[in-house]
$ cat query_2.cif   # mmCIF, C-alpha atoms
data_coords
loop_
_atom_site.label_atom_id
_atom_site.label_comp_id
_atom_site.auth_asym_id
_atom_site.auth_seq_id
_atom_site.Cartn_x
_atom_site.Cartn_y
_atom_site.Cartn_z
CA MET A 141 109.48 132.31 -116.50
CA GLU A 142 112.28 132.34 -119.01
CA ALA A 143 113.28 134.87 -121.60
CA VAL A 144 114.33 134.53 -125.19
CA ALA A 145 115.56 137.61 -126.97
CA GLY A 146 113.80 139.74 -124.35
CA LYS A 147 110.49 137.90 -124.57
CA ARG A 148 109.32 135.64 -121.76
CA LEU A 149 108.46 132.08 -122.70
CA LEU A 150 105.50 131.33 -120.49
CA SER A 151 105.04 128.03 -122.33
CA LEU A 152 107.95 126.47 -120.42
CA ASP A 153 106.30 127.10 -117.07
CA ILE A 154 102.96 125.89 -118.41
CA LEU A 155 104.48 122.63 -119.63
CA ARG A 156 106.06 122.13 -116.20
CA GLY A 157 102.74 122.95 -114.57
CA ILE A 158 100.72 120.56 -116.75
CA THR A 159 103.22 117.81 -115.97
CA VAL A 160 103.15 118.35 -112.19
CA VAL A 161 99.34 118.46 -112.15
CA GLY A 162 99.36 115.17 -114.06
CA MET A 163 101.83 113.62 -111.60
CA ILE A 164 99.68 114.63 -108.63
CA ILE A 165 96.46 113.34 -110.20
CA VAL A 166 97.81 109.92 -111.23
CA ASN A 167 99.51 109.40 -107.84
CA ASN A 168 96.37 110.11 -105.83
CA ALA A 169 93.49 107.97 -107.01
CA GLY A 170 90.70 107.94 -104.45
CA GLY A 171 89.72 104.28 -104.61
CA ARG A 172 91.11 101.01 -105.89
CA GLN A 173 89.26 101.33 -109.19
CA SER A 174 90.57 103.90 -111.65
CA TYR A 175 90.10 104.59 -115.34
CA ASP A 176 92.69 102.84 -117.50
CA TYR A 177 94.16 106.15 -118.67
CA LEU A 178 94.86 107.05 -115.02
CA ARG A 179 96.76 103.82 -114.42
CA HIS A 180 100.27 102.88 -115.48
CA SER A 181 100.70 100.11 -118.03
CA ALA A 182 101.12 96.76 -116.33
CA TRP A 183 104.15 96.05 -118.55
CA ASN A 184 104.38 96.83 -122.28
CA GLY A 185 102.18 99.64 -123.58
CA LEU A 186 101.57 103.32 -123.06
CA THR A 187 98.78 105.16 -121.26
CA PRO A 188 98.39 108.91 -120.61
CA CYS A 189 99.42 108.17 -117.04
CA ASP A 190 102.79 106.90 -118.32
CA LEU A 191 103.56 110.29 -119.87
CA VAL A 192 103.80 112.49 -116.79
CA PHE A 193 107.18 111.42 -115.38
CA PRO A 194 108.98 111.33 -118.77
CA PHE A 195 107.53 114.76 -119.55
CA PHE A 196 108.98 116.00 -116.26
CA LEU A 197 112.45 114.62 -117.09
CA PHE A 198 112.24 116.22 -120.54
CA ILE A 199 111.39 119.66 -119.16
CA MET A 200 114.04 119.18 -116.46
CA GLY A 201 116.56 118.76 -119.27
CA VAL A 202 115.37 122.05 -120.77
CA SER A 203 115.55 123.70 -117.34
CA THR A 204 119.08 122.37 -116.82
CA TYR A 205 120.11 124.10 -120.04
CA ILE A 206 118.58 127.33 -118.74
CA ALA A 207 120.37 127.04 -115.38
CA LEU A 208 123.82 126.30 -116.84
CA ARG A 209 123.42 128.86 -119.61
CA LYS A 210 123.71 131.56 -116.95
CA PHE A 211 127.25 130.29 -116.28
CA SER A 212 128.13 129.94 -119.99
CA PHE A 213 128.35 126.14 -119.47
CA ARG A 214 131.77 126.59 -117.88
CA PRO A 215 132.70 124.47 -114.85
CA SER A 216 133.76 126.39 -111.78
CA PRO A 217 133.85 125.59 -108.05
CA ALA A 218 130.65 127.63 -107.55
CA VAL A 219 128.73 125.79 -110.30
CA VAL A 220 129.95 122.37 -109.17
CA ARG A 221 128.92 123.10 -105.58
CA LYS A 222 125.50 124.28 -106.74
CA VAL A 223 124.88 121.12 -108.78
CA LEU A 224 126.06 118.82 -105.99
CA ARG A 225 124.10 120.70 -103.32
CA ARG A 226 120.87 120.48 -105.33
CA THR A 227 121.48 116.81 -106.11
CA VAL A 228 122.01 115.89 -102.46
CA LEU A 229 118.99 117.95 -101.39
CA ILE A 230 116.65 116.22 -103.86
CA LEU A 231 118.02 112.81 -102.86
CA LEU A 232 117.52 113.52 -99.17
CA ILE A 233 113.97 114.79 -99.72
CA GLY A 234 113.14 111.65 -101.71
CA TRP A 235 114.49 109.38 -98.97
CA LEU A 236 112.78 111.47 -96.30
CA LEU A 237 109.43 110.98 -98.04
CA HIS A 238 109.99 107.22 -98.10
CA TRP A 239 110.90 107.29 -94.38
CA PHE A 240 107.88 109.48 -93.61
CA ASP A 241 105.62 106.89 -95.22
CA HIS A 242 106.74 104.45 -92.51
CA ALA A 243 107.00 107.01 -89.70
CA VAL A 244 103.30 107.92 -89.84
CA ASP A 245 102.60 104.27 -89.01
CA GLY A 246 104.96 104.36 -86.06
CA GLU A 247 107.90 102.69 -87.83
CA PHE A 248 110.76 105.10 -87.23
CA PHE A 249 113.80 102.85 -87.53
CA VAL A 250 113.43 101.37 -91.00
CA PHE A 251 116.77 102.47 -92.44
CA GLY A 252 117.79 98.90 -93.19
CA SER A 253 114.80 98.48 -95.50
CA LEU A 254 114.28 102.03 -96.73
CA ARG A 255 113.71 102.30 -100.46
CA LEU A 256 116.61 104.21 -102.04
CA THR A 257 115.16 104.44 -105.54
CA GLY A 258 112.08 106.37 -106.64
CA VAL A 259 110.95 109.43 -108.56
CA LEU A 260 113.00 112.04 -106.69
CA PRO A 261 116.21 109.95 -106.55
CA ARG A 262 115.94 109.41 -110.31
CA ILE A 263 115.41 113.15 -110.85
CA ALA A 264 118.46 113.88 -108.70
CA LEU A 265 120.72 111.42 -110.54
CA CYS A 266 119.63 112.55 -114.00
CA TYR A 267 120.03 116.21 -113.08
CA CYS A 268 123.49 115.65 -111.61
CA ILE A 269 124.92 113.52 -114.42
CA VAL A 270 123.47 115.61 -117.24
CA SER A 271 124.69 118.82 -115.57
CA PHE A 272 128.26 117.57 -115.37
CA MET A 273 128.14 116.23 -118.92
CA ALA A 274 126.93 119.65 -120.10
CA LEU A 275 129.76 121.37 -118.24
CA TYR A 276 132.53 119.19 -119.66
CA LEU A 277 131.25 118.14 -123.12
CA ASN A 278 130.31 120.17 -126.17
CA ARG A 279 126.85 120.08 -127.79
CA THR A 280 127.79 117.53 -130.46
CA ALA A 281 129.23 115.21 -127.83
CA LEU A 282 126.02 115.49 -125.79
CA VAL A 283 123.90 114.44 -128.77
CA TRP A 284 126.15 111.47 -129.46
CA SER A 285 126.16 110.59 -125.76
CA ALA A 286 122.36 110.27 -125.83
CA VAL A 287 122.55 108.10 -128.95
CA ILE A 288 125.28 105.85 -127.52
CA LEU A 289 123.51 105.44 -124.17
CA LEU A 290 120.28 104.39 -125.89
CA ALA A 291 122.15 102.04 -128.24
CA LEU A 292 124.03 100.36 -125.38
CA TYR A 293 120.87 100.10 -123.32
CA THR A 294 119.05 98.51 -126.28
CA LEU A 295 121.85 95.96 -126.63
CA LEU A 296 121.66 95.07 -122.94
CA LEU A 297 117.87 94.73 -123.03
CA CYS A 298 118.05 92.38 -126.00
CA MET A 299 120.92 90.27 -124.68
CA PHE A 300 119.91 89.88 -121.02
CA ASN A 301 116.12 89.42 -120.82
CA GLY A 302 115.44 93.11 -120.46
CA TYR A 303 111.81 92.69 -121.50
CA GLU A 304 111.06 89.81 -119.15
CA PRO A 305 108.91 90.78 -116.14
CA ASP A 306 110.63 88.39 -113.76
CA SER A 307 113.77 87.86 -111.71
CA THR A 308 115.84 86.93 -114.79
CA ASN A 309 115.68 90.52 -116.04
CA PHE A 310 119.17 92.02 -115.91
CA LEU A 311 117.74 95.26 -114.50
CA ASN A 312 116.52 93.32 -111.48
CA ILE A 313 119.83 91.49 -111.14
CA VAL A 314 121.93 94.67 -111.31
CA ASP A 315 119.72 96.62 -108.89
CA LYS A 316 119.73 93.81 -106.35
CA ALA A 317 123.50 93.41 -106.61
CA VAL A 318 124.13 97.14 -106.07
CA LEU A 319 121.43 98.11 -103.56
CA GLY A 320 120.03 94.86 -102.19
CA THR A 321 116.45 93.68 -102.33
CA GLN A 322 115.44 95.53 -99.16
CA HIS A 323 116.17 98.95 -100.69
CA LEU A 324 114.16 98.46 -103.88
CA TYR A 325 110.55 98.66 -105.08
CA ARG A 326 108.68 95.63 -103.72
CA LYS A 327 105.49 95.55 -105.80
CA GLY A 328 107.10 93.87 -108.79
CA PRO A 329 110.30 92.09 -109.85
CA VAL A 330 111.63 95.15 -111.73
CA ASP A 331 112.02 98.50 -109.97
CA PRO A 332 110.43 101.15 -112.25
CA GLU A 333 112.98 103.72 -111.03
CA GLY A 334 115.91 101.38 -110.54
CA LEU A 335 119.58 102.24 -110.99
CA ALA A 336 120.12 100.21 -114.16
CA SER A 337 117.26 101.81 -116.08
CA THR A 338 118.53 105.25 -115.05
CA VAL A 339 120.97 104.91 -117.97
CA SER A 340 118.07 105.36 -120.37
CA SER A 341 116.62 108.16 -118.23
CA ILE A 342 119.90 110.07 -118.51
CA ALA A 343 119.63 109.89 -122.31
CA HIS A 344 116.05 111.08 -121.94
CA THR A 345 117.14 114.14 -119.94
CA LEU A 346 119.95 114.82 -122.42
CA ILE A 347 117.37 115.01 -125.20
CA GLY A 348 115.46 117.61 -123.18
CA PHE A 349 118.72 119.52 -122.70
CA CYS A 350 119.33 119.53 -126.45
CA PHE A 351 115.83 120.91 -127.04
CA GLY A 352 116.71 123.62 -124.53
CA SER A 353 119.51 124.69 -126.87
CA ILE A 354 116.92 125.06 -129.65
CA VAL A 355 114.59 127.11 -127.45
CA PHE A 356 117.43 129.49 -126.58
CA GLY A 357 119.06 129.54 -129.99
CA LYS A 358 119.42 132.59 -132.22
CA ASP A 359 116.50 131.81 -134.54
CA THR A 360 113.24 133.71 -134.39
CA LEU A 361 110.50 132.31 -132.18
CA ASP A 362 108.44 131.04 -135.10
CA ARG A 363 111.42 129.19 -136.61
CA LYS A 364 112.25 127.67 -133.21
CA THR A 365 108.67 126.52 -132.80
CA VAL A 366 108.67 124.83 -136.20
CA ARG A 367 112.04 123.22 -135.56
CA ILE A 368 110.95 121.85 -132.17
CA PHE A 369 107.74 120.51 -133.72
CA VAL A 370 109.57 118.80 -136.61
CA CYS A 371 112.26 117.29 -134.37
CA GLY A 372 109.61 116.12 -131.92
CA PHE A 373 107.59 114.49 -134.67
CA MET A 374 110.71 112.69 -135.97
CA LEU A 375 111.50 111.37 -132.48
CA MET A 376 107.96 110.18 -131.92
CA ALA A 377 107.69 108.56 -135.37
CA SER A 378 111.04 106.78 -135.08
CA GLY A 379 110.06 105.50 -131.64
CA TYR A 380 106.78 104.10 -132.89
CA LEU A 381 108.47 102.52 -135.92
CA LEU A 382 110.82 100.62 -133.61
CA THR A 383 108.09 99.31 -131.30
CA GLU A 384 107.71 96.14 -133.36
CA TRP A 385 111.13 95.08 -132.07
CA LEU A 386 111.38 97.16 -128.89
CA PRO A 387 107.97 97.62 -127.25
CA LEU A 388 107.11 100.73 -125.29
CA ASN A 389 107.70 100.03 -121.62
CA LYS A 390 107.81 102.60 -118.84
CA ARG A 391 108.93 100.18 -116.13
CA ILE A 392 112.21 99.48 -117.90
CA TRP A 393 112.28 102.94 -119.53
CA SER A 394 112.76 101.30 -122.93
CA PRO A 395 114.56 103.20 -125.73
CA THR A 396 111.31 103.48 -127.71
CA PHE A 397 109.63 104.86 -124.60
CA VAL A 398 112.33 107.56 -124.50
CA LEU A 399 111.90 108.46 -128.17
CA VAL A 400 108.10 108.51 -128.15
CA THR A 401 107.66 110.42 -124.89
CA CYS A 402 110.39 112.96 -125.69
CA GLY A 403 108.75 113.42 -129.08
CA LEU A 404 105.32 113.94 -127.54
CA ALA A 405 106.73 116.34 -124.93
CA SER A 406 108.41 118.45 -127.60
CA LEU A 407 105.26 118.45 -129.72
CA LEU A 408 103.33 119.75 -126.74
CA LEU A 409 106.04 122.34 -126.05
CA ALA A 410 105.90 123.57 -129.65
CA THR A 411 102.10 123.75 -129.49
CA LEU A 412 102.22 125.76 -126.26
CA MET A 413 104.86 128.08 -127.70
CA TYR A 414 102.65 128.73 -130.71
CA PHE A 415 99.44 129.50 -128.82
CA ILE A 416 100.90 131.15 -125.71
CA ASP A 417 104.10 132.90 -126.80
CA MET A 418 103.31 133.63 -130.46
CA LEU A 419 99.56 134.22 -130.41
CA GLY A 420 99.43 135.52 -126.84
CA LYS A 421 96.58 133.26 -125.71
CA LYS A 422 97.46 133.17 -122.01
CA ARG A 423 94.24 133.64 -120.09
CA TRP A 424 93.48 129.91 -119.88
CA CYS A 425 96.82 128.84 -118.41
CA ARG A 426 97.02 130.65 -115.05
CA PHE A 427 96.13 127.46 -113.16
CA PHE A 428 99.09 125.57 -114.65
CA ASP A 429 101.41 128.53 -114.16
CA VAL A 430 100.78 128.22 -110.42
CA PHE A 431 102.26 124.71 -110.52
CA GLY A 432 104.92 125.57 -113.08
CA VAL A 433 106.74 128.13 -110.95
CA ASN A 434 106.95 125.83 -107.88
CA PRO A 435 106.95 122.35 -109.47
CA LEU A 436 109.09 120.23 -107.17
CA PHE A 437 107.86 121.90 -104.00
CA LEU A 438 104.19 121.25 -104.84
CA TYR A 439 104.98 117.67 -105.89
CA VAL A 440 106.79 117.00 -102.60
CA MET A 441 103.97 118.64 -100.64
CA SER A 442 101.41 116.48 -102.45
CA GLU A 443 103.32 113.33 -101.51
CA ALA A 444 103.57 114.36 -97.85
CA VAL A 445 99.91 115.37 -97.61
CA ALA A 446 98.82 112.14 -99.34
CA THR A 447 100.80 110.09 -96.82
CA ILE A 448 99.18 111.90 -93.88
CA ALA A 449 95.71 111.58 -95.43
CA SER A 450 96.13 107.82 -95.82
CA ALA A 451 97.60 107.29 -92.35
CA THR A 452 94.87 109.28 -90.57
CA GLY A 453 92.00 107.75 -92.52
CA SER A 454 91.10 111.13 -94.03
CA LYS A 455 91.54 109.86 -97.56
CA LYS A 456 89.15 106.96 -97.02
CA ALA A 457 86.54 109.18 -95.34
CA ILE A 458 86.69 111.83 -98.08
CA TYR A 459 86.54 109.25 -100.85
CA GLU A 460 83.55 107.51 -99.27
CA ALA A 461 81.78 110.88 -98.97
CA ILE A 462 82.43 111.50 -102.67
CA HIS A 463 81.32 107.96 -103.50
CA THR A 464 77.95 108.53 -101.85
CA LEU A 465 77.37 111.43 -104.23
CA VAL A 466 79.03 109.78 -107.24
CA PRO A 467 77.99 106.10 -107.36
CA ASP A 468 80.40 105.17 -110.16
CA PRO A 469 83.62 104.12 -108.34
CA TYR A 470 85.80 105.02 -111.33
CA LEU A 471 84.37 108.53 -111.54
CA ALA A 472 84.46 108.94 -107.75
CA SER A 473 88.15 108.04 -107.74
CA ALA A 474 88.83 110.56 -110.50
CA VAL A 475 86.87 113.26 -108.63
CA TYR A 476 88.96 112.62 -105.51
CA SER A 477 92.28 112.89 -107.38
CA THR A 478 91.13 116.04 -109.17
CA ALA A 479 90.00 117.61 -105.88
CA PHE A 480 93.35 116.70 -104.35
CA ALA A 481 95.18 118.45 -107.21
CA LEU A 482 92.97 121.52 -106.74
CA LEU A 483 93.87 121.58 -103.05
CA MET A 484 97.56 121.58 -103.96
CA GLY A 485 96.78 124.31 -106.46
CA LEU A 486 95.29 126.40 -103.65
CA PHE A 487 98.54 126.17 -101.68
CA GLY A 488 100.44 126.97 -104.85
CA TYR A 489 98.23 129.96 -105.60
CA ILE A 490 99.00 131.48 -102.21
CA LEU A 491 102.71 131.30 -103.02
CA TYR A 492 102.06 132.51 -106.56
CA ARG A 493 100.18 135.61 -105.43
CA ARG A 494 102.98 136.47 -103.01
CA ARG A 495 105.64 135.79 -105.68
CA ILE A 496 107.25 133.13 -103.51
CA TYR A 497 109.24 130.67 -105.58
CA ILE A 498 110.70 127.78 -103.60
CA LYS A 499 113.73 126.29 -105.30
CA ILE A 500 114.68 122.72 -104.49
#
$ encode --input "query_2.cif" --output "structure tokens"
Amino acid sequence: MEAVAGKRLLSLDILRGITVVGMIIVNNAGGRQSYDYLRHSAWNGLTPCDLVFPFFLFIMGVSTYIALRKFSFRPSPAVVRKVLRRTVLILLIGWLLHWFDHAVDGEFFVFGSLRLTGVLPRIALCYCIVSFMALYLNRTALVWSAVILLALYTLLLCMFNGYEPDSTNFLNIVDKAVLGTQHLYRKGPVDPEGLASTVSSIAHTLIGFCFGSIVFGKDTLDRKTVRIFVCGFMLMASGYLLTEWLPLNKRIWSPTFVLVTCGLASLLLATLMYFIDMLGKKRWCRFFDVFGVNPLFLYVMSEAVATIASATGSKKAIYEAIHTLVPDPYLASAVYSTAFALLMGLFGYILYRRRIYIKI
């Protein structure tokens, strides 16, 4: 939990926790049929499921501000080593999870076709690049960097078939040229966490970092809350206004997707700050706090457990048992994913009670 002017901001942990719970639920549907709001948009559009990863990048930007604030945003050998060590660790864990997905099926030597992109690799790259930008650029330069990155990305999308869901999309062309087809997402022509679209994700994380500077500014908590809410509303509104020309699209991490999701994340943050930190209504949020203090660890554990459950047939057996009690396949799938999140919460609660915080 973080502190502002001597007062802990529990809302930051709760936002992290809500996001991680959402990530675990949407990644672990029990059956093939799921409610639309628990499925990602096929291409253009926005569902609640599409919000969880961008919310995580937003709060990671805030957390990056918190981490570097302790070092007064000054580069030093110790800070640089810390950033690089954490980046490499997250990358390795991400690649290890991809390898583990093959290893449970007996395929141990798949390094020539191992996917190098994904959620954790994107988190690692965004964290690393934004950290170094924050260490070597001032606040004004960071704001303009986010603006310029989004503007350049918009130009590239418009000029080189960025909204086309086929092999002519420049994102697909760039990713294949850099990494090769065998190291990319194979369920569609455009990798949803590819290298090219990471440009937009970096701007996304920068926005979160800038909101971190508001959270830890010198204003009173109520003024900060209002400012975050107003800025978030402006981001969301501007994003929606631009959707006529630049549709919302998670798979290419479109500029409007950045603006809308960062706006929604900051609106939620302001709301949580108001109810939790200002009004002191905290009794309801213990469950999310469990996930918020060990976010990456519980996410990684959920991915590993899900892989084992699928490989051993446990997932299928549990889902079918639920389906016998809940005939509706959509509801049965949702019950399974919710139960899975509760199981991860149980592991998290054990750590929480013992005050064990695993940093990745």
$ resolve_selection --input "query_2.cif" --expression "the PyMOL selection byres ((chain A and resi 402) around 8)" --output "PyMOL selection string"
chain A and resi 194-195+198+344+347-348+372+375-376+398-401+403-406
$ closest_residue --input "query_2.cif" --among "A:Arg214, A:Arg209, A:Arg262, A:His180" --to "Val339 of chain A" --atoms "only C-alpha atoms"
A:Arg262
$ resolve_selection --input "query_2.cif" --expression "the PyMOL selection byres ((chain A and resi 269) around 12)" --output "ChimeraX atom specification"
/A:201,204,220,223-224,227,262-268,270-277,282,285,338-339,341-346,349
$ atom_distance --input "query_2.cif" --atom1 "atom CA of Ser212 of chain A" --atom2 "atom CA of Asn278 of chain A"
11.8 Å
$ residues_around --input "query_2.cif" --residues "segment 466-473 of chain A" --least-positions-apart "6" --cutoff "9 Å" --atoms "all atoms listed in the file" --output "short mmCIF file (atom, residue, chain, number, x, y, z; two decimals) with C-alpha atoms, in the coordinates of the input"
data_model
loop_
_atom_site.label_atom_id
_atom_site.label_comp_id
_atom_site.auth_asym_id
_atom_site.auth_seq_id
_atom_site.Cartn_x
_atom_site.Cartn_y
_atom_site.Cartn_z
CA ASN A 168 96.37 110.11 -105.83
CA ALA A 169 93.49 107.97 -107.01
CA GLY A 170 90.70 107.94 -104.45
CA GLY A 171 89.72 104.28 -104.61
CA ARG A 172 91.11 101.01 -105.89
CA GLN A 173 89.26 101.33 -109.19
CA SER A 174 90.57 103.90 -111.65
CA TYR A 175 90.10 104.59 -115.34
CA TYR A 459 86.54 109.25 -100.85
CA GLU A 460 83.55 107.51 -99.27
#
$ residues_around --input "query_2.cif" --residues "segment 300-308 of chain A" --least-positions-apart "5" --cutoff "12 Å" --atoms "all atoms listed in the file" --output "PyMOL selection string"
chain A and resi 182-184+293-295+313-316+321+327-332+336-337+385-395
$ write_last_selection --input "query_2.cif" --atoms "C-alpha atoms" --output "compact mmCIF listing (two decimals), in the coordinates of the input"
# COMPACT_ATOMS: atom_id res chain seq x y z
CA ALA A 182 101.12 96.76 -116.33
CA TRP A 183 104.15 96.05 -118.55
CA ASN A 184 104.38 96.83 -122.28
CA TYR A 293 120.87 100.10 -123.32
CA THR A 294 119.05 98.51 -126.28
CA LEU A 295 121.85 95.96 -126.63
CA ILE A 313 119.83 91.49 -111.14
CA VAL A 314 121.93 94.67 -111.31
CA ASP A 315 119.72 96.62 -108.89
CA LYS A 316 119.73 93.81 -106.35
CA THR A 321 116.45 93.68 -102.33
CA LYS A 327 105.49 95.55 -105.80
CA GLY A 328 107.10 93.87 -108.79
CA PRO A 329 110.30 92.09 -109.85
CA VAL A 330 111.63 95.15 -111.73
CA ASP A 331 112.02 98.50 -109.97
CA PRO A 332 110.43 101.15 -112.25
CA ALA A 336 120.12 100.21 -114.16
CA SER A 337 117.26 101.81 -116.08
CA TRP A 385 111.13 95.08 -132.07
CA LEU A 386 111.38 97.16 -128.89
CA PRO A 387 107.97 97.62 -127.25
CA LEU A 388 107.11 100.73 -125.29
CA ASN A 389 107.70 100.03 -121.62
CA LYS A 390 107.81 102.60 -118.84
CA ARG A 391 108.93 100.18 -116.13
CA ILE A 392 112.21 99.48 -117.90
CA TRP A 393 112.28 102.94 -119.53
CA SER A 394 112.76 101.30 -122.93
CA PRO A 395 114.56 103.20 -125.73
$ residues_around --input "query_2.cif" --residues "Ile158 of chain A" --least-positions-apart "6" --cutoff "10 Å" --atoms "all atoms listed in the file" --output "PyMOL selection string"
chain A and resi 192+195-196+425+427-432+435
$ write_last_selection --input "query_2.cif" --atoms "C-alpha atoms" --output "short mmCIF file (atom, residue, chain, number, x, y, z; two decimals), in the coordinates of the input"
data_model
loop_
_atom_site.label_atom_id
_atom_site.label_comp_id
_atom_site.auth_asym_id
_atom_site.auth_seq_id
_atom_site.Cartn_x
_atom_site.Cartn_y
_atom_site.Cartn_z
CA VAL A 192 103.80 112.49 -116.79
CA PHE A 195 107.53 114.76 -119.55
CA PHE A 196 108.98 116.00 -116.26
CA CYS A 425 96.82 128.84 -118.41
CA PHE A 427 96.13 127.46 -113.16
CA PHE A 428 99.09 125.57 -114.65
CA ASP A 429 101.41 128.53 -114.16
CA VAL A 430 100.78 128.22 -110.42
CA PHE A 431 102.26 124.71 -110.52
CA GLY A 432 104.92 125.57 -113.08
CA PRO A 435 106.95 122.35 -109.47
#
$ closest_residue --input "query_2.cif" --among "A:Leu191, A:Leu382, A:Leu208, A:Ala446" --to "Asn167 of chain A" --atoms "all atoms listed in the file"
A:Ala446
$ closest_residue --input "query_2.cif" --among "A:Ser216, A:Thr411, A:Thr257, A:Thr360" --to "Leu232 of chain A" --atoms "all atoms listed in the file"
A:Thr257
$ atom_distance --input "query_2.cif" --atom1 "atom CA of Phe480 of chain A" --atom2 "atom CA of Gly334 of chain A"
28.0 Å
$ closest_residue --input "query_2.cif" --among "A:Phe437, A:Phe369, A:Phe251, A:Tyr177" --to "Gln322 of chain A" --atoms "only C-alpha atoms"
A:Phe251
$ build_atoms --input "query_2.cif" --residues "segment 474-493 of chain A" --atoms "N, CA and C atoms" --output "PDB file, keeping the file's coordinate frame"
ATOM      1  N   ALA A 474      88.305 109.449-109.706  1.00  0.00           N
ATOM      2  CA  ALA A 474      88.830 110.560-110.500  1.00  0.00           C
ATOM      3  C   ALA A 474      88.487 111.899-109.869  1.00  0.00           C
ATOM      4  N   VAL A 475      87.274 112.014-109.302  1.00  0.00           N
ATOM      5  CA  VAL A 475      86.870 113.260-108.630  1.00  0.00           C
ATOM      6  C   VAL A 475      87.780 113.516-107.429  1.00  0.00           C
ATOM      7  N   TYR A 476      88.074 112.467-106.670  1.00  0.00           N
ATOM      8  CA  TYR A 476      88.960 112.620-105.510  1.00  0.00           C
ATOM      9  C   TYR A 476      90.335 113.129-105.946  1.00  0.00           C
ATOM     10  N   SER A 477      90.933 112.494-106.948  1.00  0.00           N
ATOM     11  CA  SER A 477      92.280 112.890-107.380  1.00  0.00           C
ATOM     12  C   SER A 477      92.287 114.301-107.942  1.00  0.00           C
ATOM     13  N   THR A 478      91.220 114.681-108.641  1.00  0.00           N
ATOM     14  CA  THR A 478      91.130 116.040-109.170  1.00  0.00           C
ATOM     15  C   THR A 478      90.999 117.055-108.031  1.00  0.00           C
ATOM     16  N   ALA A 479      90.162 116.729-107.034  1.00  0.00           N
ATOM     17  CA  ALA A 479      90.000 117.610-105.880  1.00  0.00           C
ATOM     18  C   ALA A 479      91.316 117.758-105.117  1.00  0.00           C
ATOM     19  N   PHE A 480      92.057 116.668-105.027  1.00  0.00           N
ATOM     20  CA  PHE A 480      93.350 116.700-104.350  1.00  0.00           C
ATOM     21  C   PHE A 480      94.307 117.641-105.081  1.00  0.00           C
ATOM     22  N   ALA A 481      94.328 117.567-106.417  1.00  0.00           N
ATOM     23  CA  ALA A 481      95.180 118.450-107.210  1.00  0.00           C
ATOM     24  C   ALA A 481      94.762 119.909-107.038  1.00  0.00           C
ATOM     25  N   LEU A 482      93.456 120.150-106.953  1.00  0.00           N
ATOM     26  CA  LEU A 482      92.970 121.520-106.740  1.00  0.00           C
ATOM     27  C   LEU A 482      93.399 122.049-105.379  1.00  0.00           C
ATOM     28  N   LEU A 483      93.416 121.165-104.367  1.00  0.00           N
ATOM     29  CA  LEU A 483      93.870 121.580-103.050  1.00  0.00           C
ATOM     30  C   LEU A 483      95.338 121.990-103.097  1.00  0.00           C
ATOM     31  N   MET A 484      96.160 121.204-103.802  1.00  0.00           N
ATOM     32  CA  MET A 484      97.560 121.580-103.960  1.00  0.00           C
ATOM     33  C   MET A 484      97.685 122.884-104.737  1.00  0.00           C
ATOM     34  N   GLY A 485      96.784 123.073-105.703  1.00  0.00           N
ATOM     35  CA  GLY A 485      96.780 124.310-106.460  1.00  0.00           C
ATOM     36  C   GLY A 485      96.463 125.513-105.580  1.00  0.00           C
ATOM     37  N   LEU A 486      95.621 125.316-104.577  1.00  0.00           N
ATOM     38  CA  LEU A 486      95.290 126.400-103.650  1.00  0.00           C
ATOM     39  C   LEU A 486      96.526 126.829-102.870  1.00  0.00           C
ATOM     40  N   PHE A 487      97.294 125.848-102.365  1.00  0.00           N
ATOM     41  CA  PHE A 487      98.540 126.170-101.680  1.00  0.00           C
ATOM     42  C   PHE A 487      99.495 126.887-102.637  1.00  0.00           C
ATOM     43  N   GLY A 488      99.566 126.367-103.861  1.00  0.00           N
ATOM     44  CA  GLY A 488     100.440 126.970-104.850  1.00  0.00           C
ATOM     45  C   GLY A 488     100.031 128.382-105.210  1.00  0.00           C
ATOM     46  N   TYR A 489      98.729 128.629-105.241  1.00  0.00           N
ATOM     47  CA  TYR A 489      98.230 129.960-105.600  1.00  0.00           C
ATOM     48  C   TYR A 489      98.608 130.996-104.546  1.00  0.00           C
ATOM     49  N   ILE A 490      98.597 130.571-103.290  1.00  0.00           N
ATOM     50  CA  ILE A 490      99.000 131.480-102.210  1.00  0.00           C
ATOM     51  C   ILE A 490     100.450 131.920-102.413  1.00  0.00           C
ATOM     52  N   LEU A 491     101.306 130.966-102.744  1.00  0.00           N
ATOM     53  CA  LEU A 491     102.710 131.300-103.020  1.00  0.00           C
ATOM     54  C   LEU A 491     102.826 132.154-104.274  1.00  0.00           C
ATOM     55  N   TYR A 492     102.025 131.814-105.272  1.00  0.00           N
ATOM     56  CA  TYR A 492     102.060 132.510-106.560  1.00  0.00           C
ATOM     57  C   TYR A 492     101.686 133.975-106.396  1.00  0.00           C
ATOM     58  N   ARG A 493     100.635 134.230-105.638  1.00  0.00           N
ATOM     59  CA  ARG A 493     100.180 135.610-105.430  1.00  0.00           C
ATOM     60  C   ARG A 493     101.225 136.436-104.682  1.00  0.00           C
TER      61      ARG A 493
END
